[in-house]
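Enquirer: This is final_28.pdb (PDB, C-alpha atoms).
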```
MODEL        1
ATOM      1  CA  MET B   1      94.905  99.490  10.976  1.00  0.00           C
ATOM      2  CA  HIS B   2      97.374 100.536  13.679  1.00  0.00           C
ATOM      3  CA  PHE B   3      98.781 103.962  14.324  1.00  0.00           C
ATOM      4  CA  PRO B   4     101.493 104.610  16.899  1.00  0.00           C
ATOM      5  CA  PRO B   5     100.505 106.762  19.917  1.00  0.00           C
ATOM      6  CA  LEU B   6     100.563 110.479  19.211  1.00  0.00           C
ATOM      7  CA  ASN B   7     102.613 112.782  21.402  1.00  0.00           C
ATOM      8  CA  GLN B   8     100.199 114.975  23.329  1.00  0.00           C
ATOM      9  CA  GLN B   9     102.666 117.829  23.709  1.00  0.00           C
ATOM     10  CA  CYS B  10     104.177 119.589  20.695  1.00  0.00           C
ATOM     11  CA  HIS B  11     106.785 122.318  20.711  1.00  0.00           C
ATOM     12  CA  PRO B  12     105.016 125.416  19.331  1.00  0.00           C
ATOM     13  CA  LYS B  13     107.783 126.332  16.899  1.00  0.00           C
ATOM     14  CA  SER B  14     108.719 122.917  15.581  1.00  0.00           C
ATOM     15  CA  ARG B  15     107.467 120.705  12.797  1.00  0.00           C
ATOM     16  CA  LYS B  16     108.195 117.252  14.123  1.00  0.00           C
ATOM     17  CA  ARG B  17     107.996 114.193  11.949  1.00  0.00           C
ATOM     18  CA  LEU B  18     105.573 111.402  12.690  1.00  0.00           C
ATOM     19  CA  ALA B  19     105.801 107.954  11.135  1.00  0.00           C
ATOM     20  CA  TRP B  20     102.417 106.457  10.319  1.00  0.00           C
ATOM     21  CA  GLU B  21     102.544 102.672  10.358  1.00  0.00           C
ATOM     22  CA  LEU B  22     100.056 100.966   8.083  1.00  0.00           C
ATOM     23  CA  PRO B  23      99.988  97.190   7.535  1.00  0.00           C
ATOM     24  CA  CYS B  24     102.015  97.264   4.329  1.00  0.00           C
ATOM     25  CA  PHE B  25     104.019 100.488   4.542  1.00  0.00           C
ATOM     26  CA  VAL B  26     105.266 103.349   6.680  1.00  0.00           C
ATOM     27  CA  PHE B  27     105.384 106.995   5.712  1.00  0.00           C
ATOM     28  CA  THR B  28     106.604 110.071   7.511  1.00  0.00           C
ATOM     29  CA  SER B  29     104.526 113.230   7.773  1.00  0.00           C
ATOM     30  CA  MET B  30     104.976 116.561   9.497  1.00  0.00           C
ATOM     31  CA  THR B  31     103.448 117.325  12.899  1.00  0.00           C
ATOM     32  CA  ALA B  32     102.990 120.551  14.846  1.00  0.00           C
ATOM     33  CA  LEU B  33     101.304 122.206  11.883  1.00  0.00           C
ATOM     34  CA  ARG B  34      98.904 125.008  12.687  1.00  0.00           C
ATOM     35  CA  ASP B  35      95.215 124.095  12.618  1.00  0.00           C
ATOM     36  CA  SER B  36      92.306 126.388  11.911  1.00  0.00           C
ATOM     37  CA  THR B  37      90.329 127.563  14.926  1.00  0.00           C
ATOM     38  CA  THR B  38      87.061 127.410  13.000  1.00  0.00           C
ATOM     39  CA  ALA B  39      85.313 125.053  10.585  1.00  0.00           C
ATOM     40  CA  SER B  40      83.453 126.029   7.432  1.00  0.00           C
ATOM     41  CA  GLN B  41      80.864 123.780   5.845  1.00  0.00           C
ATOM     42  CA  THR B  42      80.680 126.144   2.885  1.00  0.00           C
ATOM     43  CA  ALA B  43      84.424 125.910   2.297  1.00  0.00           C
ATOM     44  CA  ALA B  44      84.305 122.124   2.623  1.00  0.00           C
ATOM     45  CA  ASN B  45      81.443 121.843   0.152  1.00  0.00           C
ATOM     46  CA  SER B  46      83.210 124.062  -2.360  1.00  0.00           C
ATOM     47  CA  ASN B  47      86.581 122.303  -2.131  1.00  0.00           C
ATOM     48  CA  LEU B  48      85.733 118.632  -1.652  1.00  0.00           C
ATOM     49  CA  PRO B  49      84.398 116.500  -4.513  1.00  0.00           C
ATOM     50  CA  TYR B  50      80.884 115.136  -4.264  1.00  0.00           C
ATOM     51  CA  PRO B  51      80.059 111.404  -4.293  1.00  0.00           C
ATOM     52  CA  SER B  52      78.250 112.067  -7.573  1.00  0.00           C
ATOM     53  CA  SER B  53      81.242 113.764  -9.226  1.00  0.00           C
ATOM     54  CA  SER B  54      82.290 112.764 -12.724  1.00  0.00           C
ATOM     55  CA  LEU B  55      85.885 111.903 -13.596  1.00  0.00           C
ATOM     56  CA  SER B  56      86.442 115.288 -15.231  1.00  0.00           C
ATOM     57  CA  VAL B  57      85.207 117.073 -12.100  1.00  0.00           C
ATOM     58  CA  LEU B  58      87.423 114.922  -9.873  1.00  0.00           C
ATOM     59  CA  ILE B  59      90.479 115.650 -11.990  1.00  0.00           C
ATOM     60  CA  SER B  60      89.646 119.363 -12.018  1.00  0.00           C
ATOM     61  CA  ASN B  61      89.056 119.541  -8.263  1.00  0.00           C
ATOM     62  CA  PHE B  62      92.369 117.914  -7.462  1.00  0.00           C
ATOM     63  CA  SER B  63      94.209 119.862 -10.159  1.00  0.00           C
ATOM     64  CA  ASN B  64      93.001 123.089  -8.576  1.00  0.00           C
ATOM     65  CA  LYS B  65      94.921 122.031  -5.464  1.00  0.00           C
ATOM     66  CA  GLY B  66      98.044 121.096  -7.385  1.00  0.00           C
ATOM     67  CA  PHE B  67      97.502 117.330  -7.650  1.00  0.00           C
ATOM     68  CA  THR B  68      97.885 115.242 -10.777  1.00  0.00           C
ATOM     69  CA  ALA B  69      95.302 112.728 -11.925  1.00  0.00           C
ATOM     70  CA  LYS B  70      97.652 109.957 -10.780  1.00  0.00           C
ATOM     71  CA  GLU B  71      97.866 111.473  -7.296  1.00  0.00           C
ATOM     72  CA  MET B  72      94.089 111.821  -7.249  1.00  0.00           C
ATOM     73  CA  VAL B  73      93.681 108.113  -7.963  1.00  0.00           C
ATOM     74  CA  ALA B  74      96.231 107.232  -5.287  1.00  0.00           C
ATOM     75  CA  LEU B  75      94.481 109.388  -2.685  1.00  0.00           C
ATOM     76  CA  SER B  76      91.130 107.877  -3.649  1.00  0.00           C
ATOM     77  CA  GLY B  77      92.605 104.596  -2.479  1.00  0.00           C
ATOM     78  CA  SER B  78      91.978 105.816   1.070  1.00  0.00           C
ATOM     79  CA  HIS B  79      88.448 104.532   0.422  1.00  0.00           C
ATOM     80  CA  THR B  80      89.845 101.100   1.185  1.00  0.00           C
ATOM     81  CA  ILE B  81      88.635 101.882   4.716  1.00  0.00           C
ATOM     82  CA  GLY B  82      85.656 103.828   5.994  1.00  0.00           C
ATOM     83  CA  GLN B  83      81.924 103.868   5.363  1.00  0.00           C
ATOM     84  CA  ALA B  84      79.401 105.950   3.454  1.00  0.00           C
ATOM     85  CA  ARG B  85      75.790 106.857   4.123  1.00  0.00           C
ATOM     86  CA  CYS B  86      72.985 105.388   2.077  1.00  0.00           C
ATOM     87  CA  SER B  87      72.062 108.858   0.829  1.00  0.00           C
ATOM     88  CA  THR B  88      75.428 109.112  -0.949  1.00  0.00           C
ATOM     89  CA  PHE B  89      75.150 105.880  -2.943  1.00  0.00           C
ATOM     90  CA  ARG B  90      71.386 105.262  -3.279  1.00  0.00           C
ATOM     91  CA  SER B  91      71.215 106.600  -6.817  1.00  0.00           C
ATOM     92  CA  ARG B  92      74.109 104.378  -7.877  1.00  0.00           C
ATOM     93  CA  ILE B  93      72.661 101.101  -6.617  1.00  0.00           C
ATOM     94  CA  TYR B  94      69.185 101.760  -8.020  1.00  0.00           C
ATOM     95  CA  ASN B  95      69.827 103.688 -11.222  1.00  0.00           C
ATOM     96  CA  GLU B  96      73.271 102.992 -12.632  1.00  0.00           C
ATOM     97  CA  THR B  97      74.223 100.189 -14.999  1.00  0.00           C
ATOM     98  CA  ASN B  98      78.002 100.033 -14.549  1.00  0.00           C
ATOM     99  CA  ILE B  99      77.625  98.184 -11.261  1.00  0.00           C
ATOM    100  CA  ASP B 100      77.754  94.482 -10.437  1.00  0.00           C
ATOM    101  CA  SER B 101      74.115  93.414 -10.091  1.00  0.00           C
ATOM    102  CA  THR B 102      74.735  91.096  -7.138  1.00  0.00           C
ATOM    103  CA  PHE B 103      76.668  93.828  -5.372  1.00  0.00           C
ATOM    104  CA  ALA B 104      73.874  96.345  -5.951  1.00  0.00           C
ATOM    105  CA  THR B 105      71.221  93.926  -4.705  1.00  0.00           C
ATOM    106  CA  SER B 106      73.182  93.189  -1.534  1.00  0.00           C
ATOM    107  CA  LEU B 107      73.265  96.889  -0.696  1.00  0.00           C
ATOM    108  CA  ARG B 108      69.578  97.562  -1.243  1.00  0.00           C
ATOM    109  CA  GLY B 109      68.571  95.629   1.863  1.00  0.00           C
ATOM    110  CA  ASN B 110      70.232  98.235   4.063  1.00  0.00           C
ATOM    111  CA  CYS B 111      69.636 101.164   1.723  1.00  0.00           C
ATOM    112  CA  PRO B 112      65.987 101.273   0.634  1.00  0.00           C
ATOM    113  CA  SER B 113      64.836 103.484  -2.224  1.00  0.00           C
ATOM    114  CA  LYS B 114      63.251 105.745   0.376  1.00  0.00           C
ATOM    115  CA  GLY B 115      64.365 106.322   3.954  1.00  0.00           C
ATOM    116  CA  GLY B 116      67.405 104.966   5.773  1.00  0.00           C
ATOM    117  CA  ASP B 117      69.564 107.875   4.631  1.00  0.00           C
ATOM    118  CA  LYS B 118      72.016 107.419   7.512  1.00  0.00           C
ATOM    119  CA  ASN B 119      72.448 103.664   7.113  1.00  0.00           C
ATOM    120  CA  LEU B 120      76.075 102.810   6.441  1.00  0.00           C
ATOM    121  CA  ALA B 121      77.934 100.567   4.023  1.00  0.00           C
ATOM    122  CA  PRO B 122      81.699 100.005   3.706  1.00  0.00           C
ATOM    123  CA  LEU B 123      83.477 101.816   0.893  1.00  0.00           C
ATOM    124  CA  ASP B 124      85.533  98.666   0.345  1.00  0.00           C
ATOM    125  CA  THR B 125      83.258  95.639   0.304  1.00  0.00           C
ATOM    126  CA  THR B 126      86.148  93.159   0.245  1.00  0.00           C
ATOM    127  CA  SER B 127      88.320  94.181   3.205  1.00  0.00           C
ATOM    128  CA  PRO B 128      86.666  97.192   4.880  1.00  0.00           C
ATOM    129  CA  THR B 129      88.984  97.294   7.898  1.00  0.00           C
ATOM    130  CA  SER B 130      92.286  96.680   6.099  1.00  0.00           C
ATOM    131  CA  PHE B 131      94.369  99.282   4.312  1.00  0.00           C
ATOM    132  CA  ASP B 132      95.214  97.502   1.073  1.00  0.00           C
ATOM    133  CA  ASN B 133      94.623  97.718  -2.678  1.00  0.00           C
ATOM    134  CA  ALA B 134      91.306  95.824  -2.668  1.00  0.00           C
ATOM    135  CA  TYR B 135      89.493  99.100  -3.385  1.00  0.00           C
ATOM    136  CA  PHE B 136      91.016  99.141  -6.858  1.00  0.00           C
ATOM    137  CA  LYS B 137      90.246  95.475  -7.450  1.00  0.00           C
ATOM    138  CA  ASN B 138      86.634  96.228  -6.567  1.00  0.00           C
ATOM    139  CA  LEU B 139      86.523  98.955  -9.204  1.00  0.00           C
ATOM    140  CA  LEU B 140      87.664  96.493 -11.861  1.00  0.00           C
ATOM    141  CA  ASN B 141      84.706  94.313 -10.867  1.00  0.00           C
ATOM    142  CA  LYS B 142      82.234  97.234 -10.939  1.00  0.00           C
ATOM    143  CA  LYS B 143      81.927  97.229  -7.162  1.00  0.00           C
ATOM    144  CA  GLY B 144      82.701 100.848  -6.446  1.00  0.00           C
ATOM    145  CA  LEU B 145      80.253 102.051  -3.799  1.00  0.00           C
ATOM    146  CA  LEU B 146      80.104 105.693  -4.823  1.00  0.00           C
ATOM    147  CA  HIS B 147      79.522 106.992  -8.327  1.00  0.00           C
ATOM    148  CA  SER B 148      82.745 108.979  -7.984  1.00  0.00           C
ATOM    149  CA  ASP B 149      84.620 105.783  -7.066  1.00  0.00           C
ATOM    150  CA  GLN B 150      83.529 103.873 -10.159  1.00  0.00           C
ATOM    151  CA  GLU B 151      84.296 106.890 -12.341  1.00  0.00           C
ATOM    152  CA  LEU B 152      87.973 106.099 -11.803  1.00  0.00           C
ATOM    153  CA  PHE B 153      87.457 102.894 -13.805  1.00  0.00           C
ATOM    154  CA  ASN B 154      84.767 103.487 -16.364  1.00  0.00           C
ATOM    155  CA  GLY B 155      86.458 103.696 -19.750  1.00  0.00           C
ATOM    156  CA  GLY B 156      88.290 106.936 -18.956  1.00  0.00           C
ATOM    157  CA  SER B 157      91.830 108.232 -18.665  1.00  0.00           C
ATOM    158  CA  THR B 158      92.449 106.790 -15.183  1.00  0.00           C
ATOM    159  CA  ASP B 159      91.561 103.177 -16.018  1.00  0.00           C
ATOM    160  CA  SER B 160      95.199 102.196 -16.504  1.00  0.00           C
ATOM    161  CA  GLN B 161      96.221 103.663 -13.142  1.00  0.00           C
ATOM    162  CA  VAL B 162      93.457 101.796 -11.324  1.00  0.00           C
ATOM    163  CA  THR B 163      94.568  98.591 -13.034  1.00  0.00           C
ATOM    164  CA  ALA B 164      98.191  99.226 -12.056  1.00  0.00           C
ATOM    165  CA  TYR B 165      97.296  99.705  -8.398  1.00  0.00           C
ATOM    166  CA  SER B 166      95.049  96.646  -8.395  1.00  0.00           C
ATOM    167  CA  ASN B 167      97.999  94.581  -9.580  1.00  0.00           C
ATOM    168  CA  ASN B 168     100.691  96.099  -7.372  1.00  0.00           C
ATOM    169  CA  ALA B 169      99.961  96.990  -3.747  1.00  0.00           C
ATOM    170  CA  GLY B 170     103.512  98.233  -3.284  1.00  0.00           C
ATOM    171  CA  THR B 171     103.187 100.838  -6.020  1.00  0.00           C
ATOM    172  CA  PHE B 172      99.921 102.029  -4.544  1.00  0.00           C
ATOM    173  CA  SER B 173     101.472 102.245  -1.065  1.00  0.00           C
ATOM    174  CA  THR B 174     104.365 104.365  -2.286  1.00  0.00           C
ATOM    175  CA  ASP B 175     102.239 106.694  -4.380  1.00  0.00           C
ATOM    176  CA  PHE B 176      99.642 107.072  -1.628  1.00  0.00           C
ATOM    177  CA  ALA B 177     102.284 107.945   0.954  1.00  0.00           C
ATOM    178  CA  ASN B 178     103.883 110.561  -1.304  1.00  0.00           C
ATOM    179  CA  ALA B 179     100.508 112.114  -2.105  1.00  0.00           C
ATOM    180  CA  MET B 180      99.547 112.190   1.578  1.00  0.00           C
ATOM    181  CA  VAL B 181     102.741 114.024   2.498  1.00  0.00           C
ATOM    182  CA  LYS B 182     102.061 116.487  -0.323  1.00  0.00           C
ATOM    183  CA  MET B 183      98.506 117.011   0.935  1.00  0.00           C
ATOM    184  CA  GLY B 184      99.789 117.576   4.466  1.00  0.00           C
ATOM    185  CA  ASN B 185     101.870 120.479   3.184  1.00  0.00           C
ATOM    186  CA  LEU B 186      99.003 122.045   1.249  1.00  0.00           C
ATOM    187  CA  SER B 187      98.546 125.717   2.156  1.00  0.00           C
ATOM    188  CA  PRO B 188      99.814 125.443   5.748  1.00  0.00           C
ATOM    189  CA  LEU B 189      98.847 128.181   8.189  1.00  0.00           C
ATOM    190  CA  THR B 190     101.820 130.274   9.306  1.00  0.00           C
ATOM    191  CA  GLY B 191     102.659 133.039  11.752  1.00  0.00           C
ATOM    192  CA  SER B 192      99.877 133.697  14.235  1.00  0.00           C
ATOM    193  CA  ASN B 193      97.165 132.153  12.061  1.00  0.00           C
ATOM    194  CA  GLY B 194      95.385 129.161  13.537  1.00  0.00           C
ATOM    195  CA  GLN B 195      96.668 127.203  16.490  1.00  0.00           C
ATOM    196  CA  ILE B 196      98.986 124.346  17.360  1.00  0.00           C
ATOM    197  CA  ARG B 197      97.016 121.767  19.273  1.00  0.00           C
ATOM    198  CA  LYS B 198      98.843 120.333  22.249  1.00  0.00           C
ATOM    199  CA  CYS B 199      96.586 117.298  22.360  1.00  0.00           C
ATOM    200  CA  CYS B 200      96.313 115.456  19.058  1.00  0.00           C
ATOM    201  CA  ARG B 201      93.561 113.046  20.116  1.00  0.00           C
TER     202      ARG B 201
ENDMDL
END
```
Using structure tokens, write down the structure that the file contains.

Expert:
Amino acid sequence: MHFPPLNQQCHPKSRKRLAWELPCFVFTSMTALRDSTTASQTAANSNLPYPSSSLSVLISNFSNKGFTAKEMVALSGSHTIGQARCSTFRSRIYNETNIDSTFATSLRGNCPSKGGDKNLAPLDTTSPTSFDNAYFKNLLNKKGLLHSDQELFNGGSTDSQVTAYSNNAGTFSTDFANAMVKMGNLSPLTGSNGQIRKCCR
């Protein structure tokens, strides 16, 4: 995945636009937004869904931030890249039944029933370094790494959306881009709150 170089200097009163170039699409987001000067693990834990979240909890969490279930599914497609720790998917590969048995077995070698909590596995087993719609195809084949991933395609209300994205990468790209821009404008800090970072690296 390639991103264009970020400008290190930002005008403190502007909201410049930055085009993110992904292999199959480009979307424009705002820059020069104010960032918090502190981090809160408590706030993160209370606002972000857990890997063990059910579909109803996922929908509720995103709805509380103004996102529809469709936007939630689109944003979940970001799991087409990245990795997760063994501790976040151990229960799924040893205890759950809605998982491809070969897939589960392949993961157990690097994620034992005890220990190895920090061992990593790709969220997208098919193309872990490519931003594409393989994540959704994996869900159709019961190869979602996290419990919360597979919940998107498990006989619930979002099954049809997962199927649609698995069949049409272009639709996923468009919906993901729109949802990302919406997320970027979620509760922005204004006035003297936070800071504008001059170096974006």

Enquirer: Between B:Ala164, B:Ile99, B:Ser157, B:Lys118, single out the one closest to Ser56 of chain B, counting all atoms listed in the file.

Expert: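 Smallest distance to Ser56 of chain B is found for B:Ser157.
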
Enquirer: Can you work out which one of B:Pro51, B:Gly82, B:Gly109, B:Gly66 has the shortest atom-to-atom distance to Thr125 of chain B, counting all atoms listed in the file?

Expert: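 Ranking B:Pro51, B:Gly82, B:Gly109, B:Gly66 by distance to Thr125 of chain B, first place goes to B:Gly82.
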
Enquirer: To one decimal place, how far is atom CA of Ser36 of chain B from atom CA of His79 of chain B in Å?

Expert: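 About the pair atom CA of Ser36 of chain B and atom CA of His79 of chain B: they are 25.0 Å apart.
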
Enquirer: I want to know what sits within 10 Å of Asn98 of chain B, based on only C-alpha atoms, with residues of the same chain fewer than 6 positions away left out; could you give that as a ChimeraX atom specification?

Expert: /B:92,141-144,147,150-151,153-154

Enquirer: With the file shown as input, list the residues that the PyMOL selection byres ((chain B and resi 179) around 12) selects, as a VMD selection string.

Expert: chain B and resid 27 to 29 62 65 to 78 172 to 178 180 to 186

Enquirer: Hey, which of B:Asp132, B:Asp159, B:Asp149, B:Asp35 ends up closest to Thr80 of chain B? Count all atoms listed in the file.

Expert: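 The closest residue to Thr80 of chain B is B:Asp132.
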
Enquirer: I'd like to know which of B:Ser148, B:Ser106, B:Ser113, B:Thr158 is closest to Tyr94 of chain B, using all atoms listed in the file.

Expert: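 Residue with the minimum atom-to-atom distance to Tyr94 of chain B: B:Ser113.
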
Enquirer: Please complete segment 127-144 of chain B with N, CA, C and O atoms and give it back as a PDB file, keeping the file's coordinate frame.

Expert:
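Done, and the output landed in result_7.pdb:
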```
ATOM      1  N   SER B 127      87.542  94.159   1.955  1.00  0.00           N
ATOM      2  CA  SER B 127      88.320  94.181   3.205  1.00  0.00           C
ATOM      3  C   SER B 127      88.160  95.556   3.850  1.00  0.00           C
ATOM      4  O   SER B 127      89.092  96.360   3.830  1.00  0.00           O
ATOM      5  N   PRO B 128      86.991  95.842   4.401  1.00  0.00           N
ATOM      6  CA  PRO B 128      86.666  97.192   4.880  1.00  0.00           C
ATOM      7  C   PRO B 128      87.486  97.712   6.045  1.00  0.00           C
ATOM      8  O   PRO B 128      87.479  98.917   6.296  1.00  0.00           O
ATOM      9  N   THR B 129      88.189  96.837   6.756  1.00  0.00           N
ATOM     10  CA  THR B 129      88.984  97.294   7.898  1.00  0.00           C
ATOM     11  C   THR B 129      90.484  97.144   7.658  1.00  0.00           C
ATOM     12  O   THR B 129      91.279  97.318   8.582  1.00  0.00           O
ATOM     13  N   SER B 130      90.865  96.840   6.432  1.00  0.00           N
ATOM     14  CA  SER B 130      92.286  96.680   6.099  1.00  0.00           C
ATOM     15  C   SER B 130      92.698  97.709   5.056  1.00  0.00           C
ATOM     16  O   SER B 130      91.982  97.939   4.081  1.00  0.00           O
ATOM     17  N   PHE B 131      93.858  98.316   5.293  1.00  0.00           N
ATOM     18  CA  PHE B 131      94.369  99.282   4.312  1.00  0.00           C
ATOM     19  C   PHE B 131      95.183  98.513   3.280  1.00  0.00           C
ATOM     20  O   PHE B 131      96.321  98.125   3.518  1.00  0.00           O
ATOM     21  N   ASP B 132      94.575  98.284   2.129  1.00  0.00           N
ATOM     22  CA  ASP B 132      95.214  97.502   1.073  1.00  0.00           C
ATOM     23  C   ASP B 132      94.759  98.025  -0.277  1.00  0.00           C
ATOM     24  O   ASP B 132      94.187  99.110  -0.373  1.00  0.00           O
ATOM     25  N   ASN B 133      95.001  97.270  -1.333  1.00  0.00           N
ATOM     26  CA  ASN B 133      94.623  97.718  -2.678  1.00  0.00           C
ATOM     27  C   ASN B 133      93.339  97.063  -3.181  1.00  0.00           C
ATOM     28  O   ASN B 133      93.036  97.102  -4.372  1.00  0.00           O
ATOM     29  N   ALA B 134      92.558  96.478  -2.266  1.00  0.00           N
ATOM     30  CA  ALA B 134      91.306  95.824  -2.668  1.00  0.00           C
ATOM     31  C   ALA B 134      90.312  96.814  -3.274  1.00  0.00           C
ATOM     32  O   ALA B 134      89.490  96.440  -4.117  1.00  0.00           O
ATOM     33  N   TYR B 135      90.376  98.063  -2.831  1.00  0.00           N
ATOM     34  CA  TYR B 135      89.493  99.100  -3.385  1.00  0.00           C
ATOM     35  C   TYR B 135      89.593  99.146  -4.903  1.00  0.00           C
ATOM     36  O   TYR B 135      88.577  99.228  -5.606  1.00  0.00           O
ATOM     37  N   PHE B 136      90.809  99.068  -5.414  1.00  0.00           N
ATOM     38  CA  PHE B 136      91.016  99.141  -6.858  1.00  0.00           C
ATOM     39  C   PHE B 136      90.555  97.860  -7.555  1.00  0.00           C
ATOM     40  O   PHE B 136      90.017  97.910  -8.666  1.00  0.00           O
ATOM     41  N   LYS B 137      90.737  96.734  -6.888  1.00  0.00           N
ATOM     42  CA  LYS B 137      90.246  95.475  -7.450  1.00  0.00           C
ATOM     43  C   LYS B 137      88.719  95.497  -7.534  1.00  0.00           C
ATOM     44  O   LYS B 137      88.132  94.976  -8.485  1.00  0.00           O
ATOM     45  N   ASN B 138      88.092  96.106  -6.540  1.00  0.00           N
ATOM     46  CA  ASN B 138      86.634  96.228  -6.567  1.00  0.00           C
ATOM     47  C   ASN B 138      86.175  97.053  -7.768  1.00  0.00           C
ATOM     48  O   ASN B 138      85.158  96.735  -8.402  1.00  0.00           O
ATOM     49  N   LEU B 139      86.901  98.110  -8.082  1.00  0.00           N
ATOM     50  CA  LEU B 139      86.523  98.955  -9.204  1.00  0.00           C
ATOM     51  C   LEU B 139      86.574  98.180 -10.516  1.00  0.00           C
ATOM     52  O   LEU B 139      85.704  98.354 -11.386  1.00  0.00           O
ATOM     53  N   LEU B 140      87.567  97.312 -10.658  1.00  0.00           N
ATOM     54  CA  LEU B 140      87.664  96.493 -11.861  1.00  0.00           C
ATOM     55  C   LEU B 140      86.460  95.570 -12.004  1.00  0.00           C
ATOM     56  O   LEU B 140      86.054  95.225 -13.114  1.00  0.00           O
ATOM     57  N   ASN B 141      85.869  95.205 -10.871  1.00  0.00           N
ATOM     58  CA  ASN B 141      84.706  94.313 -10.867  1.00  0.00           C
ATOM     59  C   ASN B 141      83.379  95.072 -10.731  1.00  0.00           C
ATOM     60  O   ASN B 141      82.356  94.475 -10.408  1.00  0.00           O
ATOM     61  N   LYS B 142      83.430  96.383 -10.989  1.00  0.00           N
ATOM     62  CA  LYS B 142      82.234  97.234 -10.939  1.00  0.00           C
ATOM     63  C   LYS B 142      81.578  97.215  -9.555  1.00  0.00           C
ATOM     64  O   LYS B 142      80.354  97.205  -9.434  1.00  0.00           O
ATOM     65  N   LYS B 143      82.426  97.229  -8.528  1.00  0.00           N
ATOM     66  CA  LYS B 143      81.927  97.229  -7.162  1.00  0.00           C
ATOM     67  C   LYS B 143      82.365  98.474  -6.399  1.00  0.00           C
ATOM     68  O   LYS B 143      82.609  98.438  -5.201  1.00  0.00           O
ATOM     69  N   GLY B 144      82.445  99.583  -7.108  1.00  0.00           N
ATOM     70  CA  GLY B 144      82.701 100.848  -6.446  1.00  0.00           C
ATOM     71  C   GLY B 144      81.416 101.316  -5.785  1.00  0.00           C
ATOM     72  O   GLY B 144      80.356 101.325  -6.413  1.00  0.00           O
TER      73      GLY B 144
END
```
